[in-house]
Amino acid sequence: MNLFKPVLNDPDFTPSHPTPVLYVHGIHSRASGFRRNARFLRDHGYWVWGFNYGKMLLPGLYGTGRLEDSLGELEASVDKVLAETGAKQVDIVAHSQGGLLTKLFIARGGAPKVRRVVAMGANFHGTDLKGKAPRVLERLERFPTLTRLLLSPSVTQQLAGSEWMRENADPLPDTDPSVVYTALYSTRDTLVTPYYASTLNAVDGADVVNKEVPGAPIHQLMMRDGEIRELTLWGLERPTTTSD
């Protein structure tokens, strides 16, 4: 094994699976956080890709900025991977905020470009911060200038009950019948709450598995977890009744 070869975005890799995998990280994160997960999939023949989106609040920590801007970057990245690989579709593996972006991407016309989705600790329905979201929203809206200086706009946007969620995310279907979904969640997650905010509703008969990971680590470490790594592969290969 060449330790200097890139794990993600290796143009010379020869896959044994026709569909490339695109990783989508969350807020205050980066694509390299998926490195262990991506190496595992690569060892199983998957062509793995990743990108850093959103503004960088701190060195090496991306995923900040307006969700609508990040969504545009996801759309561009999917098209880039399809162009680089010659594939017709991608599989998406997403964490946290990346799951919400994936839901938005698919619901807004991206479904034909996606075969399967595997999400971990995704905030498909925002987060209520253990019931504190209304009070947090009130305080953030009271000091908008300070909020813009200290926080990413997406922090406010993805709080459950926010105006942005009500107008842009809540009305959209969770799933599309042409895509196969596996949503991994933990009842111990303290950032995306309640835990079922990380689960999906099978709209229009979509193939959806919502699976609890009892031994999952804290939210921030899900990308690196060994059990979730195995379940990511399972989500990409599990039997399904759809013809994907």
# chains A, B, ... in the order shown; residues from 1 in each chain; ligands from 1
>>> residues_around(residues="stretch 61-72 of chain A", least_positions_apart="4", cutoff="6 Å", atoms="only C-alpha atoms", output="CSV table (one decimal) with C-alpha atoms, in the first residue's frame")
chain,number,residue,atom,x,y,z
A,26,GLY,CA,-21.1,18.7,8.6
A,27,ILE,CA,-20.6,22.2,10.2
A,28,HIS,CA,-17.1,23.0,11.6
A,29,SER,CA,-15.7,19.9,9.9
A,30,ARG,CA,-13.9,18.8,6.7
A,53,TYR,CA,-17.7,23.4,1.4
A,54,GLY,CA,-18.7,26.6,3.1
A,55,LYS,CA,-16.6,29.3,4.7
A,56,MET,CA,-13.9,28.4,7.1
A,101,LEU,CA,-27.9,19.4,2.6
A,152,SER,CA,-22.2,30.6,11.1
A,153,PRO,CA,-25.6,31.7,9.6
A,154,SER,CA,-26.4,28.0,9.3
>>> select_by_dssp(residues="stretch 2-241 of chain A", states="helix (DSSP H, G or I)", output="VMD selection string")
chain A and resid 31 to 43 67 to 85 97 to 113 133 to 142 144 to 150 153 to 157 163 to 169 195 to 198 203 to 205 219 to 224 226 to 237
>>> closest_atom_pairs(of="stretch 12-54 of chain A", to="stretch 84-97 of chain A", cutoff="8 Å", atoms="only C-alpha atoms", output="CSV")
residue,atom,partner,partner_atom,distance
A:Pro18,CA,A:Ala87,CA,6.9
A:Thr19,CA,A:Val90,CA,5.5
A:Pro20,CA,A:Val90,CA,5.2
A:Val21,CA,A:Asp91,CA,4.6
A:Leu22,CA,A:Ile92,CA,4.9
A:Tyr23,CA,A:Val93,CA,4.8
A:Val24,CA,A:Ala94,CA,4.6
A:His25,CA,A:His95,CA,5.3
A:Gly26,CA,A:Gln97,CA,4.4
A:Ile27,CA,A:Gln97,CA,6.0
>>> write_last_selection(atoms="N, CA, C and O atoms", output="compact mmCIF listing (two decimals), in the first residue's frame")
# COMPACT_ATOMS: atom_id res chain seq x y z
N PRO A 18 -19.44 0.45 -9.82
CA PRO A 18 -19.67 1.48 -10.84
C PRO A 18 -20.04 2.85 -10.30
O PRO A 18 -19.89 3.85 -11.00
N THR A 19 -20.53 2.89 -9.05
CA THR A 19 -21.02 4.17 -8.51
C THR A 19 -20.02 4.76 -7.54
O THR A 19 -19.70 4.14 -6.52
N PRO A 20 -19.49 5.96 -7.80
CA PRO A 20 -18.56 6.60 -6.86
C PRO A 20 -19.29 7.08 -5.61
O PRO A 20 -20.50 7.31 -5.63
N VAL A 21 -18.54 7.22 -4.54
CA VAL A 21 -19.08 7.67 -3.25
C VAL A 21 -18.60 9.08 -2.97
O VAL A 21 -17.39 9.36 -3.02
N LEU A 22 -19.52 9.97 -2.66
CA LEU A 22 -19.19 11.35 -2.32
C LEU A 22 -19.50 11.59 -0.85
O LEU A 22 -20.63 11.39 -0.40
N TYR A 23 -18.49 12.01 -0.09
CA TYR A 23 -18.66 12.32 1.33
C TYR A 23 -19.05 13.78 1.51
O TYR A 23 -18.46 14.67 0.88
N VAL A 24 -20.01 14.03 2.40
CA VAL A 24 -20.46 15.40 2.69
C VAL A 24 -20.38 15.61 4.20
O VAL A 24 -21.16 15.02 4.96
N HIS A 25 -19.44 16.42 4.63
CA HIS A 25 -19.22 16.64 6.07
C HIS A 25 -20.23 17.61 6.65
O HIS A 25 -21.09 18.16 5.94
N GLY A 26 -20.14 17.85 7.94
CA GLY A 26 -21.05 18.75 8.63
C GLY A 26 -20.42 20.09 8.92
O GLY A 26 -19.36 20.45 8.39
N ILE A 27 -21.06 20.84 9.81
CA ILE A 27 -20.57 22.16 10.18
C ILE A 27 -19.31 22.03 11.03
O ILE A 27 -19.15 21.08 11.79
>>> atom_distance(atom1="atom CA of A:Ala202", atom2="atom CA of A:Val179")
10.5 Å
>>> select_by_dssp(residues="stretch 2-238 of chain A", states="strand (DSSP E)", output="JSON, numbers by chain")
{"A": [21, 22, 23, 24, 48, 49, 50, 90, 91, 92, 93, 94, 95, 114, 115, 116, 117, 118, 119, 120, 180, 181, 182, 183, 184, 185, 207, 208, 209, 210, 211, 212]}
>>> closest_atom_pairs(of="stretch 69-105 of chain A", to="stretch 164-169 of chain A", cutoff="10 Å", atoms="only C-alpha atoms", output="JSON lines")
{"residue": "A:Leu100", "atom": "CA", "partner": "A:Ala169", "partner_atom": "CA", "distance": 8.3}
{"residue": "A:Leu101", "atom": "CA", "partner": "A:Ala169", "partner_atom": "CA", "distance": 9.5}
{"residue": "A:Lys103", "atom": "CA", "partner": "A:Ala169", "partner_atom": "CA", "distance": 8.5}
{"residue": "A:Leu104", "atom": "CA", "partner": "A:Ala169", "partner_atom": "CA", "distance": 6.9}
>>> write_last_selection(atoms="C-alpha atoms", output="short mmCIF file (atom, residue, chain, number, x, y, z; two decimals), in the first residue's frame")
data_model
loop_
_atom_site.label_atom_id
_atom_site.label_comp_id
_atom_site.auth_asym_id
_atom_site.auth_seq_id
_atom_site.Cartn_x
_atom_site.Cartn_y
_atom_site.Cartn_z
CA LEU A 100 -29.70 18.09 5.72
CA LEU A 101 -27.92 19.37 2.60
CA LYS A 103 -32.06 15.96 1.71
CA LEU A 104 -32.35 19.43 0.16
#
>>> decode(residues="stretch 57-192 of chain A", atoms="C-alpha atoms", output="tab-separated table (two decimals), in the first residue's frame")
chain	number	residue	atom	x	y	z
A	57	LEU	CA	-14.53	29.80	10.60
A	58	LEU	CA	-11.36	28.33	12.13
A	59	PRO	CA	-8.32	26.84	10.35
A	60	GLY	CA	-9.32	23.53	8.78
A	61	LEU	CA	-12.94	23.70	9.94
A	62	TYR	CA	-15.40	24.30	7.12
A	63	GLY	CA	-19.14	23.95	6.69
A	64	THR	CA	-20.05	27.47	7.79
A	65	GLY	CA	-21.97	30.03	5.81
A	66	ARG	CA	-25.53	30.07	4.53
A	67	LEU	CA	-27.07	26.68	3.84
A	68	GLU	CA	-28.27	27.82	0.41
A	69	ASP	CA	-24.67	28.63	-0.55
A	70	SER	CA	-23.43	25.27	0.74
A	71	LEU	CA	-26.20	23.55	-1.22
A	72	GLY	CA	-24.89	25.15	-4.39
A	73	GLU	CA	-21.42	23.80	-3.62
A	74	LEU	CA	-22.84	20.30	-3.11
A	75	GLU	CA	-24.61	20.49	-6.46
A	76	ALA	CA	-21.36	21.53	-8.16
A	77	SER	CA	-19.39	18.78	-6.43
A	78	VAL	CA	-21.82	16.07	-7.53
A	79	ASP	CA	-21.52	17.27	-11.13
A	80	LYS	CA	-17.73	17.34	-10.83
A	81	VAL	CA	-17.54	13.76	-9.54
A	82	LEU	CA	-19.85	12.55	-12.31
A	83	ALA	CA	-17.71	14.30	-14.91
A	84	GLU	CA	-14.44	12.96	-13.45
A	85	THR	CA	-15.64	9.36	-13.19
A	86	GLY	CA	-18.04	9.09	-16.11
A	87	ALA	CA	-20.65	7.65	-13.76
A	88	LYS	CA	-24.36	8.42	-14.05
A	89	GLN	CA	-24.99	8.57	-10.30
A	90	VAL	CA	-23.20	8.96	-6.97
A	91	ASP	CA	-23.70	7.40	-3.57
A	92	ILE	CA	-23.66	10.03	-0.81
A	93	VAL	CA	-22.30	9.42	2.68
A	94	ALA	CA	-23.16	12.35	4.93
A	95	HIS	CA	-22.68	13.45	8.52
A	96	SER	CA	-24.71	15.96	10.53
A	97	GLN	CA	-25.41	19.12	8.50
A	98	GLY	CA	-24.30	17.21	5.42
A	99	GLY	CA	-27.42	15.07	5.80
A	100	LEU	CA	-29.70	18.09	5.72
A	101	LEU	CA	-27.92	19.37	2.60
A	102	THR	CA	-28.32	15.95	0.97
A	103	LYS	CA	-32.06	15.96	1.71
A	104	LEU	CA	-32.35	19.43	0.16
A	105	PHE	CA	-30.26	18.45	-2.87
A	106	ILE	CA	-32.38	15.40	-3.64
A	107	ALA	CA	-35.72	17.15	-3.03
A	108	ARG	CA	-34.76	20.07	-5.27
A	109	GLY	CA	-34.12	17.99	-8.35
A	110	GLY	CA	-30.95	16.05	-7.59
A	111	ALA	CA	-32.60	12.63	-7.17
A	112	PRO	CA	-31.69	11.31	-10.65
A	113	LYS	CA	-28.01	11.81	-9.78
A	114	VAL	CA	-28.12	9.80	-6.53
A	115	ARG	CA	-28.30	6.01	-6.14
A	116	ARG	CA	-28.01	5.57	-2.36
A	117	VAL	CA	-27.61	7.72	0.75
A	118	VAL	CA	-25.97	6.65	4.01
A	119	ALA	CA	-26.23	9.26	6.76
A	120	MET	CA	-24.84	9.36	10.28
A	121	GLY	CA	-26.18	11.72	12.94
A	122	ALA	CA	-27.84	13.76	10.21
A	123	ASN	CA	-30.05	16.69	11.11
A	124	PHE	CA	-32.70	16.05	8.48
A	125	HIS	CA	-35.21	17.95	10.65
A	126	GLY	CA	-32.83	20.40	12.26
A	127	THR	CA	-32.12	20.19	15.98
A	128	ASP	CA	-34.01	21.43	19.00
A	129	LEU	CA	-30.83	21.43	21.16
A	130	LYS	CA	-32.53	19.30	23.80
A	131	GLY	CA	-35.52	21.63	23.90
A	132	LYS	CA	-33.46	24.83	24.09
A	133	ALA	CA	-33.90	25.90	20.45
A	134	PRO	CA	-36.77	28.41	21.04
A	135	ARG	CA	-34.80	30.26	23.72
A	136	VAL	CA	-31.61	30.17	21.66
A	137	LEU	CA	-33.42	31.51	18.60
A	138	GLU	CA	-34.92	34.33	20.65
A	139	ARG	CA	-31.51	35.38	21.94
A	140	LEU	CA	-29.81	35.10	18.55
A	141	GLU	CA	-32.50	37.16	16.89
A	142	ARG	CA	-32.19	39.78	19.63
A	143	PHE	CA	-28.50	40.33	18.79
A	144	PRO	CA	-28.23	39.74	15.01
A	145	THR	CA	-24.94	41.62	14.53
A	146	LEU	CA	-23.18	39.65	17.27
A	147	THR	CA	-24.64	36.43	15.90
A	148	ARG	CA	-23.22	37.14	12.44
A	149	LEU	CA	-19.79	37.84	13.90
A	150	LEU	CA	-19.53	34.80	16.17
A	151	LEU	CA	-21.61	32.12	14.50
A	152	SER	CA	-22.20	30.64	11.09
A	153	PRO	CA	-25.56	31.68	9.62
A	154	SER	CA	-26.36	27.99	9.28
A	155	VAL	CA	-26.32	27.59	13.07
A	156	THR	CA	-29.47	29.67	13.28
A	157	GLN	CA	-30.93	28.32	10.05
A	158	GLN	CA	-30.90	24.67	11.13
A	159	LEU	CA	-32.44	25.14	14.56
A	160	ALA	CA	-35.83	23.43	14.72
A	161	GLY	CA	-38.58	26.01	14.39
A	162	SER	CA	-36.39	28.63	12.72
A	163	GLU	CA	-37.90	30.66	9.91
A	164	TRP	CA	-35.41	29.13	7.49
A	165	MET	CA	-36.35	25.55	8.40
A	166	ARG	CA	-40.07	26.34	8.21
A	167	GLU	CA	-39.75	27.87	4.75
A	168	ASN	CA	-36.98	25.84	3.10
A	169	ALA	CA	-36.67	22.40	4.69
A	170	ASP	CA	-39.80	21.36	6.58
A	171	PRO	CA	-42.12	21.48	3.53
A	172	LEU	CA	-39.82	19.22	1.50
A	173	PRO	CA	-40.24	15.43	1.41
A	174	ASP	CA	-37.70	13.49	3.42
A	175	THR	CA	-37.06	10.97	0.70
A	176	ASP	CA	-37.45	10.15	-2.98
A	177	PRO	CA	-38.67	6.74	-4.18
A	178	SER	CA	-35.78	6.43	-6.65
A	179	VAL	CA	-33.11	6.63	-3.91
A	180	VAL	CA	-32.23	3.99	-1.28
A	181	TYR	CA	-31.61	5.44	2.19
A	182	THR	CA	-29.87	4.23	5.35
A	183	ALA	CA	-30.00	6.65	8.29
A	184	LEU	CA	-27.75	5.82	11.25
A	185	TYR	CA	-28.60	7.51	14.53
A	186	SER	CA	-27.81	7.39	18.23
A	187	THR	CA	-30.19	7.98	21.12
A	188	ARG	CA	-27.15	9.33	22.98
A	189	ASP	CA	-26.60	12.13	20.46
A	190	THR	CA	-26.68	15.43	22.33
A	191	LEU	CA	-26.25	17.77	19.34
A	192	VAL	CA	-28.90	16.57	16.94
